[in-house]
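Asker: Take this structure first; my questions come after.
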Amino acid sequence: MTVTHQQPPSDQPSDQPSGRQPAERLDADAAQEALHDRISADSLTTRRDYLRIVATVSGGLAAGGVAVAAGVLHRHGDSDTAPPAQKIADRMEPGQSIAFRYPEEDDRAVAARLGDGTLVGYSAVCTHLACAVLWRNDRGSEGELYCPCHEGVFDARTGEVTAGPPPRPLPKVLLVEQGDGSVWAVGTTRSAESVKDALCRQLGDERPDMAAGLGCPGAGGAEERTRRT
Ligand code: FES
């Protein structure tokens, strides 16, 4: 694993999914299985959880949400296979950053904990010409994402372009923190896509009930029409 600015914890997992330890893979599989069970069991709880994950990722941090998004957010929405939740660190302290791969082996990503505790995660593939984006803790008021190829700069908190030629913001990697402090990647958005839009896009086909609960545009239409007739 490569650390963009600071050294990772010594017990940090490999940045290669294929290199994950069996126990970690089991953890991820178990987390995803638990999510599916939970979704099936209680739609009200599920709706509440989805509202929470939106708030969580918007705010950057919450405990106990690792399973919530794992089964519904796909790789940039282009795959029919949901990526498993992936543990990226046992713990992240303010100012720490970690480079990892998610959701696939070729997908470079970076996570950081800002000074106020907010967790942020992004694709580390520059939206200009796909160079590797680095986390720089010594730049900006709270760090920044820097592409050395053509001096592209992205905002640490939002991923928006703040300087240079990149045409679009960095896609987000959705992170959640478990109660034990471990940090997990659970999904991605497209560039400039909000977390809610990412959820709605994925939920529309697979879980229209949840999409309706989130107030996704067009969700629950068939049900509504049935009720009216
Ligand atoms: Fe990143 Fe050009 S490839 S700024």
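To be explicit about the labels: the chains of the structure tokens are called A, B, and onward in the order shown, and within each one the residues are counted from 1, while ligands get numbers from 1 in the order they are shown.
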Counting only C-alpha atoms and all ligand atoms, what are the residues, protein, DNA or RNA alike, that approach ligand 1 to within 7 Å? I want them as a PDB file with C-alpha atoms, in the first residue's frame.

Answerer:
ATOM      1  CA  CYS A 126      -7.239  12.604 -12.027  1.00  0.00           C
ATOM      2  CA  THR A 127     -10.214  13.674 -14.120  1.00  0.00           C
ATOM      3  CA  HIS A 128      -7.843  15.405 -16.540  1.00  0.00           C
ATOM      4  CA  LEU A 129      -5.569  12.732 -17.986  1.00  0.00           C
ATOM      5  CA  ALA A 130      -5.818  10.049 -15.326  1.00  0.00           C
ATOM      6  CA  CYS A 131      -2.571  10.687 -13.464  1.00  0.00           C
ATOM      7  CA  VAL A 133      -3.792  12.175  -7.431  1.00  0.00           C
ATOM      8  CA  CYS A 147      -2.130  16.007  -9.278  1.00  0.00           C
ATOM      9  CA  PRO A 148       1.540  16.577 -10.141  1.00  0.00           C
ATOM     10  CA  CYS A 149       1.147  16.003 -13.871  1.00  0.00           C
ATOM     11  CA  HIS A 150      -0.357  19.412 -14.678  1.00  0.00           C
ATOM     12  CA  GLU A 151      -0.740  21.022 -11.252  1.00  0.00           C
ATOM     13  CA  GLY A 152      -4.341  20.005 -10.828  1.00  0.00           C
ATOM     14  CA  GLY A 164      -5.408  23.491 -12.929  1.00  0.00           C
ATOM     15  CA  PRO A 165      -6.912  21.757 -15.940  1.00  0.00           C
ATOM     16  CA  PRO A 166      -9.058  18.936 -14.491  1.00  0.00           C
TER      17      PRO A 166
END

Asker: Enumerate, as a list in words, the complete set of residues in region 71-210 of chain A that a backbone-based DSSP assignment places in alpha helix (DSSP H).

Answerer: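 The alpha helix (DSSP H) subset of region 71-210 of chain A is Val195, Lys196, Asp197, Ala198, Leu199, Cys200, Arg201, Gln202, Leu203, Gly204, Asp205, Glu206, Pro208, Asp209 and Met210 of chain A.
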
Asker: From the options A:Val195, A:Val161, A:Ala212, A:Val120, which residue's atoms come nearest to Val176 (chain A), counting only C-alpha atoms?

Answerer: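 Closest candidate: A:Val120.
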
Asker: Expressed in Å to a single decimal, how great is the separation between CA of Glu93 (chain A) and CA of Gly117 (chain A)?

Answerer: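 Calculated distance between CA of Glu93 (chain A) and CA of Gly117 (chain A) is 7.8 Å.
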
Asker: Determine the nearest neighbour of Ser182 (chain A) from the options A:Ala85, A:Ala198, A:Leu114, A:Leu134, counting only C-alpha atoms.

Answerer: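 Among the listed residues, the smallest separation from Ser182 (chain A) belongs to A:Ala85.
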
Asker: Hey, can you check how far CA of Asp116 (chain A) sits from CA of Asp180 (chain A)?

Answerer: 19.0 Å

Asker: What separation in Å, quoted to one decimal, exists between CA of Ala192 (chain A) and CA of Pro169 (chain A)?

Answerer: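 Atom-to-atom, CA of Ala192 (chain A) to CA of Pro169 (chain A), that is 5.8 Å.
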
Asker: Please, which residues of region 120-161 of chain A, numbered as in this document, come out strand (DSSP E or B) from DSSP, as number ranges by chain?

Answerer: A: 120-123, 125, 132, 134-136, 144-147, 152-155, 161

Asker: Could you check the closest approach to Thr118 (chain A) for each of A:Lys196, A:Arg157, A:Arg101, A:Lys172 and tell me which residue wins, using only C-alpha atoms?

Answerer: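 The answer is A:Arg157, which sits nearest to Thr118 (chain A).
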